[in-house]
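Everything on this sheet refers to the single structure shown next.
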Amino acid sequence: MIRKIDPDNRRILKFPAVRPCESISPSILLTSLITISNDVTKFKAKFFPSQKKFAREVIRQVEILHIFFENIRDYQPKFTKSLILCLSELHFILQKIQFLLQDCTREGSRLFILMKSQFIANQFRVLISSTATAFDILYLNSLQISSEVKELVELLGKQAQKSKLDVSLNDQCAMERVILILNQFENAFEPERGLIKRVFDYLGIYNWEDCNKEVKFLEDEMSNIEEDEREIPLISNLLGFMCYCRAVIFDSLDENDEQIIVEIEVKSPGEMLNCLNPEDFRCPISLELMMDPVTISTGQTYDRASIQKWLNSGHLLCPKTGERLESTELVPNSALKRLIQQFCLENGISISKSGRRSKESPRTVVSPTPATREAVRFLAGFLAGRLTYGTDEQKNKAAYEIRLLTKSSIFNRSILIEVGNVAPLLDLLTSDDPSTQENAIAALLKLAKHSKGQKSIIEEGGLSLIISVLRRGMKLESRQIAAATIFYLSSVEKYRKMIGSTRQAIPGLIELLKDGTICGKKNAIAAIFGLLLYHRNHERVLEAGIVPELVDLISSIERSDLIADSLAILACLAERIDGCIAILQTSAMTLIMGLLKSSISKAGKEYCVSILASLCTNVGDEVVAILAKEPAIMPSLYALTTDGSSHGSRKARMLINMLQKFQESSSSSLTAASKVHKERFVHAI
């Protein structure tokens, strides 16, 4: 009868109560009422930061109802229609009361609940009044319950009808203080700490962890917000205010707070398009998305149709760099093509055969309010000062705060970069404290997601420091985060070139690929994949010995996602002859044929087919002959022609055609040889 709803999975101040169905058994209904009323009375022992007066009154009323329900269970032999109707209405009301009390005591919601005091007061008034209305349809004297209980219920009904509860004076004063603070932020005045302390003391927010819970709650609410929701300005204001307070008011972590671990993001090649600059997907000539990207001898990439038209017009210079072309060969950039296709798929961009793109699907972005903007600006300045002039402990705390602030907010990243937090964070990468180094590189990782952050890191000379952490970080976690940072920096074409030409970068990523955790291996693969978008990094990656490491990794690990990511790198390398040679110098081909026949993911199988097709195209009959001796791969190839992606099915068909032509050619050769042998035999006779 009672629906168990996790309060943490329910939007706050949303009450999904349901009315009992008409056919419900009276005994089941009564049992459910006793259970709910008992649960509500347990809230008496909980702390209500605000709404204390309402909570006390409604819990007192539910205690009386609980006694009433138990008396009916013990003494009422028959349930009349009016009694069942009354109990059904009370069941609906009690569900809402329970939801409301859960929200008033929900962890992290103290400030939000205070600011919604007027709405909550209205809800309590309606529920109390509804309780009195529910008893209007019931004739109490017809019930066989004790006279004392009847008197209590009658008194409850009268009090409920006359109830005129309003927001308490203390709650009203606390609300007005918060409004004053937000107004000060909006007018670019930094509020007094004493004023903030009074609000926090009233709500029971005493330390960094209490404040962090409020921030997490508000972040969750903001992430679940709907486009037309009226709460957006309020939640945005409160979130900016609490983020400011977490760093400025509680400027030292408690002993328990220092154990908090922030989850580090892991990206794989398939997720890479979320951070790459979509402008890299446009042809420099036509400025349209490239449908068939090809690379010319200068290393620049263009759409095939555009560059071919340029060359056909007699031009022998690179349109972008002005360099003279050593050759007019156009090399397909399959890795970039796959990224463009996936980018279009995930962003709702429809691409017609002509190569023109339609308008992108609109996306809702919540802009910060004026109060939030100024609060974050004050906070960013405070953190920059702490990073530059603070003690070692304060610097570590500031780096950790930036790590939290930049987790999901693009606006926070922009302001922190603008105020000048990148340079002092880079300085902390040389710290002797492992925790400080980790927090600094993690903060830089978040800032590197912003184009301004990428530029600032490079201009401040941060690349060599990040690579140093990648190679010699004091914690493995720091090395893994450094790899992820390199991945984001590689989203910019000129930084790809710079990173690839830095001597220790690629070897450092391959070391992490060999020694890192699953997270580290994925970060290393993602960063290498990003660097391979610049064609001259292919040779550097091969020289660093990546192919044997990937083969060892694929052979020794069972995680399908990591296998698919590793195969994606090999597929990219196999598009060039030097990559094919490196692959054939290992046991990769046997391994790939085995994987194709196994139960790995569809993406993994498509990468296997892509590698084999490239090997056949670039190396020739030697590879085709080996594949022809493995007829067991044919069912997997045929399956991909129907079940695979457009790219995967095309590669599978290409490989099937190669194998069929080879077999036909071999058969013709054998027939011709047999005929010659027979003629010689006849001639000899």
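Following the order of the structure tokens, first chain is A, next is B, and so on, with residues numbered from 1 inside each chain and ligands from 1 in the order they appear.
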
So that I can check the surroundings of Pro16 in chain A, please list as a PyMOL selection string every protein, DNA and RNA residue that reaches within 9 Å of it, counting only C-alpha atoms and ignoring chain neighbours fewer than 6 positions away. chain A and resi 10+95-96+99

Per residue of range 153-224 of chain A within 10 Å of range 61-71 of chain A, which atom pair is closest and at what distance in Å (one decimal), using only C-alpha atoms, listed by chain and increasing number, as a Markdown table?
| residue | atom | partner | partner_atom | distance |
| --- | --- | --- | --- | --- |
| A:Val153 | CA | A:Ile64 | CA | 7.0 |
| A:Leu156 | CA | A:Gln61 | CA | 6.8 |
| A:Gly157 | CA | A:Gln61 | CA | 9.5 |
| A:Gln159 | CA | A:Gln61 | CA | 9.5 |
| A:Ala160 | CA | A:Gln61 | CA | 8.8 |

Find the distance between CA of Tyr244 in chain A and CA of Ile402 in chain A and write it in Å to one decimal.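 That distance, rounded to one decimal, is 11.2 Å.
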
Pick out the residues sitting within 10 Å of Met242 in chain A, and hand them over as a VMD selection string; count only C-alpha atoms, and ignore anything fewer than 3 positions along from it in its own chain. chain A and resid 111 211 to 216 218 237 to 239 245 to 249 372 375

Name the residues in contact with range 162-164 of chain A at a cut-off of 8 Å, using only C-alpha atoms, excluding same-chain residues fewer than 3 positions from it; report them as JSON, numbers by chain. {"A": [125, 128, 129, 158, 159]}

So, counting only C-alpha atoms, which residue among A:Lys449, A:Arg177, A:Lys597, A:Lys651 is closest to Ala571 in chain A?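 Counting only C-alpha atoms, the residue closest to Ala571 in chain A is A:Lys651.
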
Atomic distance CA of Gln504 in chain A - CA of Arg471 in chain A, expressed in Å with one decimal: 7.8 Å

Within 9 Å of range 34-50 of chain A, counting only C-alpha atoms, which residues show up once you throw out same-chain ones fewer than 6 positions away? Write them as a PDB file with N, CA, C and O atoms, in the first residue's frame, please.
ATOM      1  N   ILE A   2       1.932   1.273   0.813  1.00  0.00           N
ATOM      2  CA  ILE A   2       2.780   2.449   0.911  1.00  0.00           C
ATOM      3  C   ILE A   2       3.860   2.379  -0.158  1.00  0.00           C
ATOM      4  O   ILE A   2       4.582   1.393  -0.255  1.00  0.00           O
ATOM      5  N   ARG A  56       6.381  21.263  14.668  1.00  0.00           N
ATOM      6  CA  ARG A  56       5.857  20.851  15.979  1.00  0.00           C
ATOM      7  C   ARG A  56       4.340  20.669  15.929  1.00  0.00           C
ATOM      8  O   ARG A  56       3.797  19.689  16.450  1.00  0.00           O
ATOM      9  N   ILE A  59       3.258  17.583  13.677  1.00  0.00           N
ATOM     10  CA  ILE A  59       3.619  16.305  14.315  1.00  0.00           C
ATOM     11  C   ILE A  59       2.682  16.034  15.493  1.00  0.00           C
ATOM     12  O   ILE A  59       2.256  14.895  15.723  1.00  0.00           O
ATOM     13  N   ARG A  60       2.315  17.108  16.250  1.00  0.00           N
ATOM     14  CA  ARG A  60       1.372  16.934  17.364  1.00  0.00           C
ATOM     15  C   ARG A  60       0.026  16.425  16.842  1.00  0.00           C
ATOM     16  O   ARG A  60      -0.575  15.512  17.427  1.00  0.00           O
ATOM     17  N   VAL A  62      -0.528  14.718  14.071  1.00  0.00           N
ATOM     18  CA  VAL A  62      -0.400  13.352  13.557  1.00  0.00           C
ATOM     19  C   VAL A  62      -0.306  12.354  14.716  1.00  0.00           C
ATOM     20  O   VAL A  62      -0.782  11.209  14.584  1.00  0.00           O
ATOM     21  N   GLU A  63       0.264  12.767  15.841  1.00  0.00           N
ATOM     22  CA  GLU A  63       0.287  11.881  17.013  1.00  0.00           C
ATOM     23  C   GLU A  63      -1.145  11.538  17.453  1.00  0.00           C
ATOM     24  O   GLU A  63      -1.445  10.392  17.820  1.00  0.00           O
ATOM     25  N   LEU A  65      -3.776  11.599  15.460  1.00  0.00           N
ATOM     26  CA  LEU A  65      -4.321  10.742  14.411  1.00  0.00           C
ATOM     27  C   LEU A  65      -3.849   9.300  14.575  1.00  0.00           C
ATOM     28  O   LEU A  65      -4.608   8.347  14.326  1.00  0.00           O
ATOM     29  N   HIS A  66      -2.602   9.139  14.973  1.00  0.00           N
ATOM     30  CA  HIS A  66      -2.055   7.791  15.173  1.00  0.00           C
ATOM     31  C   HIS A  66      -2.861   7.045  16.248  1.00  0.00           C
ATOM     32  O   HIS A  66      -3.193   5.858  16.080  1.00  0.00           O
ATOM     33  N   ILE A  67      -3.168   7.758  17.329  1.00  0.00           N
ATOM     34  CA  ILE A  67      -3.996   7.146  18.393  1.00  0.00           C
ATOM     35  C   ILE A  67      -5.379   6.809  17.848  1.00  0.00           C
ATOM     36  O   ILE A  67      -5.937   5.744  18.134  1.00  0.00           O
ATOM     37  N   PHE A  69      -6.252   6.087  14.741  1.00  0.00           N
ATOM     38  CA  PHE A  69      -6.172   4.921  13.853  1.00  0.00           C
ATOM     39  C   PHE A  69      -6.057   3.623  14.656  1.00  0.00           C
ATOM     40  O   PHE A  69      -6.687   2.611  14.317  1.00  0.00           O
ATOM     41  N   GLU A  70      -5.281   3.640  15.707  1.00  0.00           N
ATOM     42  CA  GLU A  70      -5.112   2.430  16.524  1.00  0.00           C
ATOM     43  C   GLU A  70      -6.420   2.068  17.231  1.00  0.00           C
ATOM     44  O   GLU A  70      -6.740   0.882  17.384  1.00  0.00           O
ATOM     45  N   HIS A  91      -5.091   9.467   4.339  1.00  0.00           N
ATOM     46  CA  HIS A  91      -3.919   8.773   3.806  1.00  0.00           C
ATOM     47  C   HIS A  91      -3.196   9.658   2.791  1.00  0.00           C
ATOM     48  O   HIS A  91      -1.964   9.767   2.785  1.00  0.00           O
ATOM     49  N   LEU A  94      -1.499  12.555   4.749  1.00  0.00           N
ATOM     50  CA  LEU A  94      -0.325  12.121   5.513  1.00  0.00           C
ATOM     51  C   LEU A  94       0.878  11.860   4.617  1.00  0.00           C
ATOM     52  O   LEU A  94       2.024  12.089   5.021  1.00  0.00           O
ATOM     53  N   GLN A  95       0.629  11.380   3.412  1.00  0.00           N
ATOM     54  CA  GLN A  95       1.750  11.215   2.472  1.00  0.00           C
ATOM     55  C   GLN A  95       2.425  12.559   2.211  1.00  0.00           C
ATOM     56  O   GLN A  95       3.656  12.674   2.225  1.00  0.00           O
ATOM     57  N   ILE A  97       2.332  15.247   4.086  1.00  0.00           N
ATOM     58  CA  ILE A  97       2.996  15.708   5.317  1.00  0.00           C
ATOM     59  C   ILE A  97       4.357  15.042   5.462  1.00  0.00           C
ATOM     60  O   ILE A  97       5.355  15.688   5.809  1.00  0.00           O
ATOM     61  N   GLN A  98       4.398  13.744   5.191  1.00  0.00           N
ATOM     62  CA  GLN A  98       5.664  13.016   5.303  1.00  0.00           C
ATOM     63  C   GLN A  98       6.697  13.564   4.318  1.00  0.00           C
ATOM     64  O   GLN A  98       7.859  13.778   4.680  1.00  0.00           O
ATOM     65  N   LEU A 101       7.944  17.032   5.596  1.00  0.00           N
ATOM     66  CA  LEU A 101       8.875  16.918   6.731  1.00  0.00           C
ATOM     67  C   LEU A 101      10.220  16.360   6.284  1.00  0.00           C
ATOM     68  O   LEU A 101      11.274  16.763   6.802  1.00  0.00           O
ATOM     69  N   GLN A 102      10.201  15.436   5.337  1.00  0.00           N
ATOM     70  CA  GLN A 102      11.463  14.932   4.785  1.00  0.00           C
ATOM     71  C   GLN A 102      12.266  16.059   4.161  1.00  0.00           C
ATOM     72  O   GLN A 102      13.487  16.159   4.350  1.00  0.00           O
ATOM     73  N   CYS A 104      12.064  19.289   4.833  1.00  0.00           N
ATOM     74  CA  CYS A 104      12.509  20.256   5.844  1.00  0.00           C
ATOM     75  C   CYS A 104      13.732  19.767   6.607  1.00  0.00           C
ATOM     76  O   CYS A 104      14.439  20.579   7.233  1.00  0.00           O
ATOM     77  N   THR A 105      13.975  18.467   6.587  1.00  0.00           N
ATOM     78  CA  THR A 105      15.134  17.908   7.302  1.00  0.00           C
ATOM     79  C   THR A 105      16.147  17.284   6.351  1.00  0.00           C
ATOM     80  O   THR A 105      17.077  16.620   6.796  1.00  0.00           O
ATOM     81  N   ARG A 110      19.251  23.172   3.965  1.00  0.00           N
ATOM     82  CA  ARG A 110      18.858  24.108   5.023  1.00  0.00           C
ATOM     83  C   ARG A 110      18.630  25.521   4.502  1.00  0.00           C
ATOM     84  O   ARG A 110      17.620  26.156   4.817  1.00  0.00           O
ATOM     85  N   LEU A 111      19.553  26.024   3.715  1.00  0.00           N
ATOM     86  CA  LEU A 111      19.417  27.396   3.219  1.00  0.00           C
ATOM     87  C   LEU A 111      18.243  27.493   2.245  1.00  0.00           C
ATOM     88  O   LEU A 111      17.458  28.451   2.293  1.00  0.00           O
ATOM     89  N   ILE A 113      15.522  25.628   2.060  1.00  0.00           N
ATOM     90  CA  ILE A 113      14.252  25.505   2.776  1.00  0.00           C
ATOM     91  C   ILE A 113      13.916  26.805   3.508  1.00  0.00           C
ATOM     92  O   ILE A 113      12.762  27.246   3.548  1.00  0.00           O
ATOM     93  N   LEU A 114      14.935  27.437   4.087  1.00  0.00           N
ATOM     94  CA  LEU A 114      14.702  28.729   4.749  1.00  0.00           C
ATOM     95  C   LEU A 114      14.129  29.740   3.763  1.00  0.00           C
ATOM     96  O   LEU A 114      13.155  30.440   4.076  1.00  0.00           O
ATOM     97  N   SER A 117      10.417  29.555   2.866  1.00  0.00           N
ATOM     98  CA  SER A 117       9.567  29.520   4.063  1.00  0.00           C
ATOM     99  C   SER A 117       8.119  29.885   3.770  1.00  0.00           C
ATOM    100  O   SER A 117       7.197  29.271   4.316  1.00  0.00           O
ATOM    101  N   SER A 168       7.627  32.055  11.123  1.00  0.00           N
ATOM    102  CA  SER A 168       8.069  32.544  12.431  1.00  0.00           C
ATOM    103  C   SER A 168       8.942  33.781  12.269  1.00  0.00           C
ATOM    104  O   SER A 168       9.562  34.002  11.220  1.00  0.00           O
ATOM    105  N   ASN A 170      11.760  34.445  13.712  1.00  0.00           N
ATOM    106  CA  ASN A 170      13.172  34.084  13.568  1.00  0.00           C
ATOM    107  C   ASN A 170      13.502  33.683  12.132  1.00  0.00           C
ATOM    108  O   ASN A 170      14.544  34.082  11.583  1.00  0.00           O
ATOM    109  N   ASP A 171      12.616  32.878  11.521  1.00  0.00           N
ATOM    110  CA  ASP A 171      12.836  32.495  10.122  1.00  0.00           C
ATOM    111  C   ASP A 171      12.792  33.719   9.215  1.00  0.00           C
ATOM    112  O   ASP A 171      13.596  33.846   8.279  1.00  0.00           O
ATOM    113  N   TYR A 202      22.319  30.229  12.831  1.00  0.00           N
ATOM    114  CA  TYR A 202      20.879  29.966  12.957  1.00  0.00           C
ATOM    115  C   TYR A 202      20.498  28.641  12.285  1.00  0.00           C
ATOM    116  O   TYR A 202      19.676  27.874  12.793  1.00  0.00           O
ATOM    117  N   LEU A 203      21.133  28.367  11.135  1.00  0.00           N
ATOM    118  CA  LEU A 203      20.800  27.157  10.369  1.00  0.00           C
ATOM    119  C   LEU A 203      21.604  25.931  10.807  1.00  0.00           C
ATOM    120  O   LEU A 203      21.333  24.823  10.333  1.00  0.00           O
ATOM    121  N   GLY A 204      22.581  26.129  11.673  1.00  0.00           N
ATOM    122  CA  GLY A 204      23.401  24.990  12.101  1.00  0.00           C
ATOM    123  C   GLY A 204      24.444  24.594  11.073  1.00  0.00           C
ATOM    124  O   GLY A 204      24.799  23.412  10.960  1.00  0.00           O
TER     125      GLY A 204
END

Closest of A:Gly473, A:Gly322, A:Gly644, A:Pro284 to Asp433 in chain A - atom-to-atom distances counting only C-alpha atoms: A:Gly473

Quick one: residues within 7 Å of Gln118 in chain A, only C-alpha atoms, excluding same-chain residues fewer than 3 positions away - as a PyMOL selection string? chain A and resi 121-122+167

Spatial neighbours of range 419-426 of chain A, 10 Å, only C-alpha atoms, chain gap at least 5 places, as a PyMOL selection string: chain A and resi 377-389+395-396+398-399+402+413-414+431+436-437+439-444+447-448+453-454+456-457+459-463+465-466

As a PyMOL selection string, which residues of range 302-548 of chain A does DSSP assign to strand (DSSP E or B)? chain A and resi 302-303+317+324+331-332+351+357

Considering only C-alpha atoms, state which residue in the set A:Phe250, A:Thr430, A:Lys452, A:Ser82 is at the smallest distance from Ser478 in chain A.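 The shortest atom-to-atom distance to Ser478 in chain A comes from A:Thr430.
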
Work out how far apart CA of Pro370 in chain A and CA of Tyr400 in chain A are and give it in Å to one decimal.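 So the answer is 25.2 Å.
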